[in-house]
$ cat final.cif   # mmCIF, C-alpha atoms and all ligand atoms
data_run
loop_
_atom_site.label_atom_id
_atom_site.label_comp_id
_atom_site.auth_asym_id
_atom_site.auth_seq_id
_atom_site.Cartn_x
_atom_site.Cartn_y
_atom_site.Cartn_z
CA MET A 1 -25.12 0.60 26.42
CA LYS A 2 -26.31 0.32 22.81
CA ASP A 3 -27.23 -3.00 21.17
CA PHE A 4 -24.38 -4.73 19.38
CA ILE A 5 -23.32 -7.88 17.56
CA PHE A 6 -19.81 -9.09 18.28
CA HIS A 7 -18.59 -11.70 15.82
CA VAL A 8 -14.86 -11.94 15.11
CA PRO A 9 -14.17 -15.43 13.78
CA THR A 10 -10.44 -14.98 13.06
CA LYS A 11 -8.63 -18.01 14.43
CA ILE A 12 -5.59 -16.94 16.45
CA LEU A 13 -2.60 -19.27 16.65
CA PHE A 14 -0.44 -17.67 19.32
CA GLY A 15 3.07 -18.53 20.47
CA LYS A 16 6.48 -19.86 19.50
CA ASP A 17 5.51 -23.11 17.86
CA GLN A 18 2.59 -22.37 15.55
CA MET A 19 4.25 -22.52 12.13
CA LYS A 20 3.64 -26.26 12.16
CA ASN A 21 -0.02 -25.42 11.63
CA LEU A 22 0.49 -23.08 8.66
CA ALA A 23 0.07 -25.55 5.80
CA GLY A 24 -2.98 -27.17 7.37
CA GLU A 25 -4.68 -23.82 7.94
CA ILE A 26 -4.02 -22.66 4.36
CA LYS A 27 -5.24 -25.90 2.85
CA LYS A 28 -8.64 -25.45 4.44
CA TYR A 29 -9.13 -22.59 1.96
CA GLY A 30 -6.79 -23.02 -1.00
CA ASP A 31 -3.53 -24.32 -2.41
CA ARG A 32 -2.44 -21.55 -4.77
CA VAL A 33 -1.11 -18.76 -2.62
CA LEU A 34 -0.16 -15.13 -3.08
CA LEU A 35 2.71 -14.63 -0.61
CA ALA A 36 2.56 -10.91 0.21
CA TYR A 37 5.33 -9.17 2.13
CA GLY A 38 7.11 -5.87 2.58
CA GLY A 39 10.57 -4.51 1.99
CA GLY A 40 12.57 -7.52 3.05
CA SER A 41 12.57 -7.80 6.84
CA ILE A 42 11.13 -11.32 6.51
CA LYS A 43 14.16 -12.33 4.44
CA ARG A 44 16.57 -10.95 7.02
CA THR A 45 14.83 -12.75 9.88
CA GLY A 46 14.67 -16.14 8.15
CA LEU A 47 10.87 -16.21 8.18
CA TYR A 48 10.72 -16.15 4.38
CA ASP A 49 12.86 -19.28 4.06
CA GLU A 50 10.77 -21.05 6.67
CA ILE A 51 7.54 -20.28 4.80
CA VAL A 52 8.92 -21.29 1.40
CA LYS A 53 10.10 -24.61 2.84
CA ILE A 54 6.65 -25.24 4.30
CA PHE A 55 5.10 -24.49 0.89
CA GLU A 56 7.50 -26.84 -0.89
CA ASP A 57 7.07 -29.63 1.63
CA ASN A 58 3.29 -29.40 1.36
CA ASN A 59 2.89 -28.92 -2.41
CA ILE A 60 1.52 -25.43 -2.04
CA PHE A 61 1.93 -23.42 -5.24
CA TYR A 62 2.84 -19.77 -4.61
CA LYS A 63 3.68 -16.50 -6.28
CA GLU A 64 5.14 -13.51 -4.51
CA LEU A 65 4.11 -9.89 -4.13
CA SER A 66 7.07 -8.18 -2.47
CA GLY A 67 8.00 -4.60 -1.68
CA ILE A 68 4.72 -3.54 -0.11
CA GLU A 69 5.46 -0.11 1.32
CA PRO A 70 4.82 1.18 4.84
CA ASN A 71 1.72 3.35 4.29
CA PRO A 72 0.90 0.94 1.44
CA ARG A 73 0.29 2.39 -1.99
CA VAL A 74 -2.65 1.58 -4.18
CA GLU A 75 -0.27 0.75 -7.05
CA SER A 76 0.91 -2.30 -5.13
CA ALA A 77 -2.68 -3.52 -4.96
CA VAL A 78 -2.95 -3.21 -8.75
CA ARG A 79 0.20 -5.35 -9.07
CA GLY A 80 -1.19 -7.88 -6.62
CA VAL A 81 -4.50 -8.23 -8.42
CA GLU A 82 -2.62 -8.90 -11.67
CA ILE A 83 -0.49 -11.62 -10.09
CA VAL A 84 -3.55 -13.30 -8.57
CA ARG A 85 -5.46 -13.28 -11.87
CA GLU A 86 -2.54 -14.39 -14.05
CA ASN A 87 -1.81 -17.35 -11.78
CA GLU A 88 -5.35 -18.20 -10.68
CA LEU A 89 -4.39 -17.93 -7.03
CA ASN A 90 -7.01 -18.74 -4.43
CA PHE A 91 -5.50 -17.66 -1.09
CA ILE A 92 -3.46 -14.72 0.23
CA LEU A 93 -0.86 -15.13 2.96
CA ALA A 94 0.07 -11.68 4.28
CA VAL A 95 3.38 -11.74 6.16
CA GLY A 96 4.20 -8.44 7.81
CA GLY A 97 2.78 -5.54 9.74
CA GLY A 98 -0.37 -3.57 9.11
CA SER A 99 0.76 -2.29 5.73
CA VAL A 100 1.14 -5.75 4.21
CA ILE A 101 -2.06 -7.05 5.76
CA ASP A 102 -4.11 -3.99 4.76
CA LEU A 103 -2.93 -4.16 1.18
CA SER A 104 -3.68 -7.88 1.04
CA LYS A 105 -7.24 -7.17 2.13
CA LEU A 106 -7.68 -4.71 -0.71
CA ILE A 107 -6.31 -7.18 -3.25
CA ALA A 108 -8.56 -9.92 -1.87
CA GLY A 109 -11.65 -7.84 -2.59
CA ALA A 110 -10.50 -6.12 -5.78
CA VAL A 111 -9.81 -9.41 -7.54
CA PHE A 112 -13.56 -9.94 -7.91
CA LEU A 113 -14.36 -6.45 -9.16
CA ASP A 114 -13.77 -4.91 -12.54
CA CYS A 115 -12.32 -1.64 -11.27
CA ASN A 116 -9.19 0.03 -9.99
CA PRO A 117 -8.70 -0.97 -6.32
CA TRP A 118 -8.75 2.74 -5.46
CA ASP A 119 -12.46 2.81 -6.37
CA ILE A 120 -13.05 0.55 -3.36
CA VAL A 121 -11.16 2.89 -1.07
CA ILE A 122 -13.07 5.96 -2.22
CA LYS A 123 -16.33 3.98 -1.87
CA LYS A 124 -17.24 4.02 -5.56
CA GLU A 125 -17.22 0.22 -5.51
CA LYS A 126 -18.14 -2.19 -2.74
CA ILE A 127 -16.47 -5.48 -1.91
CA THR A 128 -19.01 -8.26 -2.39
CA LYS A 129 -16.70 -11.22 -1.89
CA ALA A 130 -13.01 -11.72 -1.25
CA LEU A 131 -10.23 -14.28 -1.45
CA PRO A 132 -9.55 -15.87 1.93
CA ILE A 133 -6.61 -14.31 3.79
CA GLY A 134 -4.28 -15.64 6.47
CA THR A 135 -1.67 -13.53 8.21
CA ILE A 136 1.65 -14.01 9.93
CA LEU A 137 2.02 -10.86 12.00
CA THR A 138 5.54 -9.45 12.34
CA LEU A 139 4.87 -6.13 14.12
CA SER A 140 2.47 -5.42 16.99
CA ALA A 141 0.53 -2.26 16.23
CA THR A 142 -2.45 -2.00 13.94
CA GLY A 143 -4.63 -4.95 14.89
CA SER A 144 -5.15 -5.62 11.18
CA GLU A 145 -4.52 -9.28 12.00
CA MET A 146 -7.90 -9.45 13.69
CA ASP A 147 -10.01 -6.75 12.07
CA SER A 148 -11.62 -6.34 8.70
CA GLY A 149 -10.33 -2.89 7.75
CA GLY A 150 -7.36 -1.46 5.93
CA VAL A 151 -5.81 1.91 5.19
CA ILE A 152 -4.39 2.68 1.74
CA THR A 153 -2.36 5.62 0.48
CA ASN A 154 -2.60 7.35 -2.88
CA LEU A 155 0.40 9.66 -3.11
CA GLU A 156 -0.81 11.17 -6.36
CA THR A 157 -3.98 12.54 -4.78
CA LYS A 158 -2.36 12.94 -1.33
CA GLN A 159 -5.04 10.76 0.22
CA LYS A 160 -4.81 8.09 2.88
CA LEU A 161 -8.18 6.50 3.43
CA SER A 162 -9.64 3.48 5.13
CA PHE A 163 -11.93 0.80 3.77
CA GLY A 164 -13.44 -2.27 5.30
CA SER A 165 -15.55 -5.30 4.56
CA LYS A 166 -16.70 -8.29 6.54
CA TYR A 167 -15.28 -10.42 3.70
CA THR A 168 -11.71 -9.28 4.34
CA LEU A 169 -11.43 -10.37 7.96
CA PRO A 170 -8.45 -12.78 8.14
CA LYS A 171 -9.41 -16.45 8.45
CA PHE A 172 -6.46 -17.05 10.73
CA SER A 173 -3.49 -15.15 12.12
CA ILE A 174 -0.26 -16.61 13.44
CA LEU A 175 1.08 -14.48 16.29
CA ASN A 176 4.59 -15.43 17.34
CA PRO A 177 6.00 -12.77 19.68
CA GLU A 178 9.55 -13.92 18.87
CA ILE A 179 9.09 -12.71 15.30
CA THR A 180 8.78 -9.16 16.64
CA TYR A 181 12.20 -9.28 18.41
CA THR A 182 13.80 -7.64 15.36
CA VAL A 183 11.40 -4.67 15.19
CA ASN A 184 13.55 -1.59 15.71
CA GLU A 185 13.14 1.01 18.44
CA LYS A 186 11.19 3.47 16.30
CA HIS A 187 8.62 0.96 15.06
CA THR A 188 8.32 -0.69 18.47
CA ALA A 189 7.48 2.70 19.98
CA ALA A 190 5.18 3.65 17.11
CA GLY A 191 3.41 0.31 17.48
CA VAL A 192 2.82 0.85 21.18
CA ALA A 193 1.45 4.34 20.45
CA ASP A 194 -0.86 2.89 17.81
CA ILE A 195 -2.22 0.20 20.16
CA MET A 196 -2.78 2.85 22.82
CA SER A 197 -4.43 5.17 20.35
CA HIS A 198 -6.90 2.51 19.19
CA THR A 199 -7.70 1.85 22.80
CA MET A 200 -8.12 5.54 23.62
CA GLU A 201 -10.25 6.23 20.55
CA ASN A 202 -12.64 3.60 21.88
CA TYR A 203 -12.25 4.67 25.52
CA PHE A 204 -12.77 8.44 25.32
CA THR A 205 -16.53 8.51 24.94
CA LEU A 206 -19.22 10.00 27.14
CA ASN A 207 -22.29 8.59 28.89
CA ASP A 208 -22.45 5.31 27.02
CA GLY A 209 -22.79 2.99 30.00
CA ALA A 210 -19.96 0.81 28.71
CA TYR A 211 -18.29 0.41 32.10
CA MET A 212 -16.82 -3.01 31.45
CA GLN A 213 -15.38 -2.04 28.07
CA ASN A 214 -13.66 0.94 29.69
CA ARG A 215 -12.07 -1.16 32.42
CA LEU A 216 -10.79 -3.56 29.73
CA ALA A 217 -9.43 -0.56 27.83
CA GLU A 218 -7.58 0.61 30.95
CA GLY A 219 -6.08 -2.87 31.25
CA ILE A 220 -4.78 -2.69 27.67
CA LEU A 221 -3.37 0.80 28.26
CA LYS A 222 -1.61 -0.33 31.43
CA THR A 223 -0.21 -3.31 29.55
CA CYS A 224 1.32 -0.97 26.98
CA ILE A 225 2.65 1.39 29.64
CA HIS A 226 4.22 -1.50 31.53
CA PHE A 227 5.65 -3.51 28.65
CA GLY A 228 6.39 -0.81 26.05
CA PRO A 229 9.52 0.46 27.80
CA ILE A 230 10.63 -3.11 28.57
CA ALA A 231 10.41 -4.03 24.87
CA LEU A 232 12.46 -0.95 23.99
CA GLU A 233 15.08 -1.71 26.62
CA ASN A 234 15.21 -5.42 25.91
CA PRO A 235 13.81 -6.28 22.46
CA THR A 236 14.00 -10.02 23.11
CA ASN A 237 11.92 -9.99 26.30
CA TYR A 238 9.30 -12.59 25.43
CA ASP A 239 6.62 -11.51 27.87
CA ALA A 240 6.88 -7.90 26.79
CA ARG A 241 6.57 -8.78 23.11
CA ALA A 242 3.80 -11.31 23.83
CA ASN A 243 1.67 -8.93 25.87
CA LEU A 244 2.05 -6.15 23.31
CA MET A 245 1.12 -8.52 20.50
CA TRP A 246 -2.04 -9.70 22.17
CA ALA A 247 -2.92 -6.13 23.17
CA SER A 248 -2.59 -5.08 19.53
CA SER A 249 -5.31 -7.50 18.45
CA TRP A 250 -7.78 -6.66 21.21
CA ALA A 251 -7.47 -2.89 21.01
CA ILE A 252 -9.25 -2.71 17.68
CA ASN A 253 -11.04 -5.99 17.02
CA GLY A 254 -14.40 -4.53 17.99
CA LEU A 255 -14.50 -5.53 21.66
CA LEU A 256 -13.71 -2.15 23.19
CA ASP A 257 -16.29 -0.25 21.17
CA THR A 258 -19.11 -2.71 21.65
CA GLY A 259 -22.16 -0.80 22.82
CA LYS A 260 -20.62 2.54 21.80
CA GLU A 261 -21.22 4.71 18.79
CA THR A 262 -18.60 7.44 18.99
CA PRO A 263 -16.48 7.87 15.85
CA TRP A 264 -12.71 8.15 16.20
CA SER A 265 -10.99 11.54 16.17
CA VAL A 266 -7.20 11.32 16.31
CA HIS A 267 -6.87 8.80 13.47
CA ALA A 268 -8.76 11.10 11.13
CA MET A 269 -6.22 13.85 11.87
CA GLU A 270 -3.21 11.54 11.68
CA HIS A 271 -4.09 10.06 8.30
CA GLU A 272 -3.57 13.50 6.76
CA LEU A 273 -0.05 13.69 8.23
CA SER A 274 0.79 10.29 6.72
CA ALA A 275 -0.81 11.23 3.39
CA PHE A 276 1.12 14.49 3.07
CA TYR A 277 4.40 13.52 4.69
CA ASP A 278 4.53 9.70 4.67
CA LEU A 279 4.91 9.89 8.45
CA THR A 280 4.95 6.68 10.51
CA HIS A 281 1.36 6.29 11.70
CA GLY A 282 2.03 5.68 15.41
CA ILE A 283 4.43 8.62 15.68
CA GLY A 284 1.75 10.96 14.35
CA LEU A 285 -0.80 9.56 16.79
CA ALA A 286 1.54 10.05 19.76
CA ILE A 287 2.21 13.67 18.81
CA LEU A 288 -1.48 14.46 18.28
CA THR A 289 -3.16 12.73 21.21
CA PRO A 290 -2.06 14.91 24.16
CA ARG A 291 -2.82 18.08 22.14
CA PHE A 292 -6.20 16.66 21.14
CA LEU A 293 -7.04 15.95 24.78
CA SER A 294 -5.97 19.45 25.84
CA HIS A 295 -8.17 20.91 23.10
CA ILE A 296 -11.29 18.97 24.12
CA LEU A 297 -10.84 19.49 27.87
CA ASN A 298 -14.00 21.20 29.12
CA ASP A 299 -16.73 20.81 31.75
CA ASP A 300 -18.18 17.79 29.92
CA THR A 301 -14.94 15.90 29.39
CA VAL A 302 -12.98 16.77 32.52
CA ASP A 303 -14.13 13.77 34.57
CA MET A 304 -13.43 11.39 31.71
CA ILE A 305 -9.86 12.63 31.28
CA ARG A 306 -9.28 12.80 35.03
CA ASP A 307 -10.46 9.19 35.47
CA PHE A 308 -8.05 8.17 32.73
CA GLY A 309 -5.21 9.75 34.69
CA ILE A 310 -6.23 8.13 37.96
CA ASN A 311 -7.00 4.65 36.60
CA VAL A 312 -4.23 4.38 34.01
CA PHE A 313 -1.37 6.57 35.25
CA ASN A 314 -2.12 6.42 38.99
CA ILE A 315 -2.07 10.20 39.32
CA ASN A 316 -3.10 11.55 42.71
CA LYS A 317 -6.67 12.77 42.91
CA THR A 318 -7.00 16.34 44.18
CA ASP A 319 -9.96 18.69 44.67
CA ASP A 320 -9.14 20.41 41.40
CA LYS A 321 -10.60 18.32 38.57
CA PHE A 322 -9.01 20.36 35.81
CA LYS A 323 -5.60 20.19 37.44
CA ASP A 324 -5.94 16.39 37.61
CA ALA A 325 -7.04 16.15 33.99
CA LYS A 326 -4.06 18.27 32.91
CA ALA A 327 -1.77 16.03 34.96
CA ALA A 328 -3.24 13.03 33.09
CA ILE A 329 -2.50 14.61 29.72
CA GLY A 330 1.01 15.50 30.92
CA ALA A 331 1.62 11.93 32.05
CA LEU A 332 0.63 10.60 28.62
CA HIS A 333 2.90 13.10 26.89
CA MET A 334 5.84 12.24 29.12
CA PHE A 335 5.27 8.51 28.65
CA PHE A 336 5.55 8.87 24.88
CA GLU A 337 8.46 11.28 25.05
CA GLN A 338 10.60 9.87 27.85
CA ASP A 339 9.69 6.21 28.16
CA MET A 340 9.02 5.47 24.48
CA LYS A 341 11.55 8.00 23.10
CA ILE A 342 9.10 9.36 20.53
CA PRO A 343 9.79 12.80 19.01
CA MET A 344 6.81 14.73 20.32
CA SER A 345 6.48 17.67 17.93
CA LEU A 346 5.71 17.98 14.24
CA THR A 347 8.79 20.16 13.83
CA GLU A 348 10.99 17.30 15.04
CA VAL A 349 9.59 14.99 12.34
CA GLY A 350 10.08 17.59 9.61
CA ILE A 351 6.56 19.01 9.35
CA ASP A 352 6.10 22.77 9.30
CA GLU A 353 3.14 25.09 8.91
CA LYS A 354 3.00 24.90 5.11
CA HIS A 355 0.22 22.32 4.60
CA LEU A 356 -1.55 22.49 7.98
CA GLU A 357 -4.51 24.44 6.65
CA GLU A 358 -5.02 22.08 3.70
CA MET A 359 -4.65 19.03 5.93
CA ALA A 360 -7.19 20.40 8.41
CA GLU A 361 -9.62 21.02 5.59
CA ASN A 362 -9.11 17.50 4.22
CA ALA A 363 -9.46 15.87 7.64
CA ALA A 364 -12.80 17.60 8.12
CA LYS A 365 -13.91 16.85 4.57
CA HIS A 366 -13.02 13.15 4.75
CA ALA A 367 -15.03 12.89 7.98
CA GLY A 368 -18.06 14.37 6.23
CA GLY A 369 -17.62 18.07 7.11
CA SER A 370 -16.39 17.74 10.69
CA ILE A 371 -15.02 15.01 12.96
CA ARG A 372 -17.96 14.01 15.13
CA GLY A 373 -16.06 12.23 17.90
CA VAL A 374 -16.37 12.68 21.64
CA VAL A 375 -16.26 16.43 20.98
CA GLU A 376 -17.07 17.67 17.47
CA LEU A 377 -14.04 19.13 15.70
CA ASN A 378 -14.46 21.44 12.73
CA LYS A 379 -11.69 22.57 10.43
CA ASP A 380 -10.63 25.38 12.77
CA ASP A 381 -10.41 23.04 15.75
CA ILE A 382 -8.29 20.62 13.75
CA LEU A 383 -6.01 23.42 12.62
CA LYS A 384 -5.56 24.57 16.23
CA ILE A 385 -4.62 21.03 17.25
CA TYR A 386 -2.10 20.74 14.39
CA LYS A 387 -0.60 24.11 15.35
CA ALA A 388 -0.30 23.07 18.98
CA CYS A 389 1.79 20.12 17.77
CA LEU A 390 4.42 22.22 15.97
O1 LIG B 1 8.63 -3.80 4.95
P1 LIG B 1 9.50 -4.58 5.86
O2 LIG B 1 10.86 -4.81 5.33
O3 LIG B 1 8.85 -5.85 6.32
O4 LIG B 1 9.76 -3.65 7.17
C1 LIG B 1 8.72 -3.15 7.98
C2 LIG B 1 8.41 -1.69 7.76
O5 LIG B 1 9.54 -1.01 7.31
C3 LIG B 1 9.18 -3.19 9.42
N1 LIG B 1 8.95 -4.49 10.07
C4 LIG B 1 7.79 -5.17 10.19
N2 LIG B 1 7.98 -6.29 10.90
C5 LIG B 1 9.31 -6.33 11.22
C6 LIG B 1 9.92 -5.19 10.68
N3 LIG B 1 11.24 -4.95 10.82
C7 LIG B 1 11.97 -5.85 11.52
N4 LIG B 1 11.43 -6.97 12.06
C8 LIG B 1 10.11 -7.25 11.93
N5 LIG B 1 9.60 -8.35 12.52
O6 LIG B 1 8.40 -2.21 10.07
C9 LIG B 1 8.10 -1.16 9.15
C10 LIG B 1 6.67 -0.71 9.32
O7 LIG B 1 5.78 -1.71 8.92
P2 LIG B 1 4.22 -1.38 8.73
O8 LIG B 1 3.54 -2.62 8.32
O9 LIG B 1 4.07 -0.18 7.87
O10 LIG B 1 3.81 -0.94 10.21
P3 LIG B 1 2.44 -1.05 10.96
O11 LIG B 1 2.16 -2.44 11.36
O12 LIG B 1 2.50 -0.05 12.01
O13 LIG B 1 1.34 -0.65 9.86
C11 LIG B 1 1.07 0.69 9.57
C12 LIG B 1 -0.04 0.82 8.55
O14 LIG B 1 -1.28 0.28 9.05
C13 LIG B 1 -2.31 1.28 8.99
C14 LIG B 1 -1.52 2.55 9.16
O15 LIG B 1 -2.25 3.69 8.76
C15 LIG B 1 -0.32 2.29 8.27
O16 LIG B 1 -0.61 2.49 6.91
N6 LIG B 1 -3.35 1.01 9.99
C16 LIG B 1 -4.16 -0.05 9.82
C17 LIG B 1 -5.21 -0.32 10.66
C18 LIG B 1 -6.13 -1.48 10.48
N7 LIG B 1 -5.98 -2.28 9.48
O17 LIG B 1 -7.04 -1.67 11.24
C19 LIG B 1 -5.53 0.54 11.79
C20 LIG B 1 -4.43 1.47 12.15
O18 LIG B 1 -4.99 2.55 12.85
C21 LIG B 1 -3.61 1.98 11.03
O19 LIG B 1 -4.21 3.14 10.45
ZN ZN B 2 -3.91 3.24 14.21
#
$ encode --input "final.cif" --output "structure tokens"
Amino acid sequence: MKDFIFHVPTKILFGKDQMKNLAGEIKKYGDRVLLAYGGGSIKRTGLYDEIVKIFEDNNIFYKELSGIEPNPRVESAVRGVEIVRENELNFILAVGGGSVIDLSKLIAGAVFLDCNPWDIVIKKEKITKALPIGTILTLSATGSEMDSGGVITNLETKQKLSFGSKYTLPKFSILNPEITYTVNEKHTAAGVADIMSHTMENYFTLNDGAYMQNRLAEGILKTCIHFGPIALENPTNYDARANLMWASSWAINGLLDTGKETPWSVHAMEHELSAFYDLTHGIGLAILTPRFLSHILNDDTVDMIRDFGINVFNINKTDDKFKDAKAAIGALHMFFEQDMKIPMSLTEVGIDEKHLEEMAENAAKHAGGSIRGVVELNKDDILKIYKACL
């Protein structure tokens, strides 16, 4: 196992009755708040009214940034920076899923720089300080509530790229599983696929000696496999929503990849699908992952994939390692398709061959020439994986 430093000081306030702590947590950092949210789900659920009342009761000044898009656009960050500067705001409360939280992180850093926020995303500028952020998570998926990164889309340049800074880690996150009861079937399933993908990106590595991390990863995967279908069947099942919410945070907060140094693969390929087609992130990941595993199956990876099948999906071990590994990949595919009701081909989500070549080229380029994950993928490999998904 490689050396590592694990330091994730986000305070988690978990459960049904944590809103009573909101004002106190904010006031540790500021009293002039940017209230950032998405397309209106928080108004429909009553969460917006609850927050505004808390602000009014506690003399917290606030301005709103609403309409943050799924696959958040850089233009919304420009708007947010303007609102913060005009009103001298000193705290950001992000209320939503990954899109709202990611965009809030970009605003928090961009406020202190004299540049377009996109310059941060394309690494022309570096965040050197940031406004403090708190989050109220409304969708279990990205882990943005407990990590320092974000992913921003520029539709003009057809780019969806990630950025990150230690300064943009949320100070606190309120995680109330009940708030996720209203997440629809599609986003519940996509969220589960995203949590599993983060876990698998960290899990599928070779010879790193990170035995404990891998057993924890298997626990998170089993949690998703157990509770994902329950949440779909019964959206108000508290334990299902609670376990998925907590799994979301731990899949990507740095724990599972401690001691490892293998870059991620499937996310790099998925971000091109979202950039070109505005596809829901988790759906793209679900479609890609079984095809990615089939593509990388070889003498080096066969034990790793077979162990995954045995430990996570309880497949029967036979004398034929490759047969077992293929059964593992099949079990993952069937879980997404049958249990989580995810459309499992690009064709089904409206993507044809037209841009595959360009997307493969971009995925390789954005990764620095090739994706150097558990198995190196060049442009041709990526194209083959995309084609296998059609
Ligand atoms: O916009 P509103 O009206 O709020 O509706 C949202 C949105 O339409 C809805 N929703 C959220 N909470 C709800 C709800 N609907 C009903 N009830 C609720 N309680 O769900 C839709 C999707 O929301 P979004 O925030 O886009 O989803 P998600 O949390 O999956 O975030 C996806 C974004 O995060 C990025 C993805 O690439 C994508 O842009 N990621 C961020 C990561 C990170 N920061 O570490 C890592 C991930 O790998 C991922 O790339
Ligand atoms: Zn993801």
$ closest_residue --input "final.cif" --among "A:His295, A:Lys186, A:Lys354, A:Lys158" --to "ligand LIG 1 (chain B)" --atoms "all atoms listed in the file"
A:Lys186
$ closest_atom_pairs --input "final.cif" --of "chain A" --to "ligand LIG 1 (chain B)" --cutoff "6 Å" --atoms "only C-alpha atoms and all ligand atoms" --output "Markdown table"
| residue | atom | partner | partner_atom | distance |
| --- | --- | --- | --- | --- |
| A:Gly38 | CA | B:LIG1 | O1 | 3.5 |
| A:Gly39 | CA | B:LIG1 | O2 | 3.4 |
| A:Gly40 | CA | B:LIG1 | O2 | 3.9 |
| A:Ser41 | CA | B:LIG1 | O2 | 3.8 |
| A:Ile42 | CA | B:LIG1 | O3 | 5.9 |
| A:Pro70 | CA | B:LIG1 | O9 | 3.4 |
| A:Asn71 | CA | B:LIG1 | O16 | 3.6 |
| A:Pro72 | CA | B:LIG1 | O16 | 5.9 |
| A:Gly96 | CA | B:LIG1 | N2 | 5.3 |
| A:Gly97 | CA | B:LIG1 | O8 | 3.3 |
| A:Gly98 | CA | B:LIG1 | O13 | 3.5 |
| A:Ser99 | CA | B:LIG1 | O8 | 3.8 |
| A:Val100 | CA | B:LIG1 | O8 | 5.7 |
| A:Asp102 | CA | B:LIG1 | N7 | 5.4 |
| A:Thr138 | CA | B:LIG1 | N5 | 4.2 |
| A:Leu139 | CA | B:LIG1 | N2 | 4.5 |
| A:Ala141 | CA | B:LIG1 | O11 | 5.1 |
| A:Thr142 | CA | B:LIG1 | C20 | 4.4 |
| A:Gly143 | CA | B:LIG1 | O17 | 5.5 |
| A:Ser144 | CA | B:LIG1 | N7 | 3.8 |
| A:Asp147 | CA | B:LIG1 | O17 | 5.9 |
| A:Gly149 | CA | B:LIG1 | N7 | 4.7 |
| A:Gly150 | CA | B:LIG1 | N7 | 3.9 |
| A:Val151 | CA | B:LIG1 | C13 | 5.2 |
| A:Ile179 | CA | B:LIG1 | N5 | 5.2 |
| A:Thr180 | CA | B:LIG1 | N5 | 4.3 |
| A:Thr182 | CA | B:LIG1 | N4 | 4.1 |
| A:Val183 | CA | B:LIG1 | N4 | 3.9 |
| A:His187 | CA | B:LIG1 | O6 | 5.9 |
| A:Gly191 | CA | B:LIG1 | O12 | 5.6 |
| A:His281 | CA | B:LIG1 | O15 | 5.3 |
$ residues_near_ligand --input "final.cif" --ligand "ligand ZN 2 (chain B)" --cutoff "9 Å" --atoms "all atoms listed in the file" --output "PyMOL selection string"
chain A and resi 141-143+191+193-198+252+266-267+270+281-282+285
$ closest_residue --input "final.cif" --among "A:His226, A:Arg372, A:Lys27, A:Lys105" --to "Ile127 in chain A" --atoms "all atoms listed in the file"
A:Lys105
$ atom_distance --input "final.cif" --atom1 "CA of Leu273 in chain A" --atom2 "CA of Ala190 in chain A"
14.4 Å
$ atom_distance --input "final.cif" --atom1 "CA of Ala36 in chain A" --atom2 "CA of Tyr238 in chain A"
26.2 Å
$ closest_residue --input "final.cif" --among "A:Ala367, A:Val78, A:Leu390, A:Leu255" --to "Met212 in chain A" --atoms "all atoms listed in the file"
A:Leu255
$ residues_around --input "final.cif" --residues "Glu201 in chain A" --least-positions-apart "4" --cutoff "12 Å" --atoms "only C-alpha atoms" --output "ChimeraX atom specification"
/A:193-197,205-206,214,217,221,251-252,254,256-257,260-268,285,289,292-293,373-375
$ atom_distance --input "final.cif" --atom1 "CA of Leu155 in chain A" --atom2 "CA of Leu346 in chain A"
20.0 Å
$ closest_residue --input "final.cif" --among "A:Ile54, A:Arg73, A:Glu361, A:Leu244" --to "Thr157 in chain A" --atoms "all atoms listed in the file"
A:Arg73
$ axis_aligned_box --input "final.cif" --around "range 219-229 of chain A" --padding-each-side "4 Å" --output "AutoDock Vina command-line options"
--center_x 1.7 --center_y -1.1 --center_z 28.8 --size_x 23.6 --size_y 12.9 --size_z 13.5
$ closest_residue --input "final.cif" --among "A:Arg291, A:Arg85, A:His271, A:Lys20" --to "Leu113 in chain A" --atoms "all atoms listed in the file"
A:Arg85
$ residues_around --input "final.cif" --residues "Asp381 in chain A" --least-positions-apart "3" --cutoff "10 Å" --atoms "all atoms listed in the file" --output "JSON, numbers by chain"
{"A": [292, 295, 296, 360, 364, 370, 371, 376, 377, 378, 384, 385, 386, 387]}
$ closest_residue --input "final.cif" --among "A:Ile342, A:Val121, A:Ile5, A:Ile136" --to "Val74 in chain A" --atoms "only C-alpha atoms"
A:Val121
$ closest_atom_pairs --input "final.cif" --of "range 237-355 of chain A" --to "range 13-16 of chain A" --cutoff "10 Å" --atoms "all atoms listed in the file" --output "tab-separated table"
residue	atom	partner	partner_atom	distance
A:Tyr238	CA	A:Lys16	CA	9.8
A:Ala242	CA	A:Gly15	CA	8.0
A:Met245	CA	A:Phe14	CA	9.4
A:Trp246	CA	A:Phe14	CA	8.6
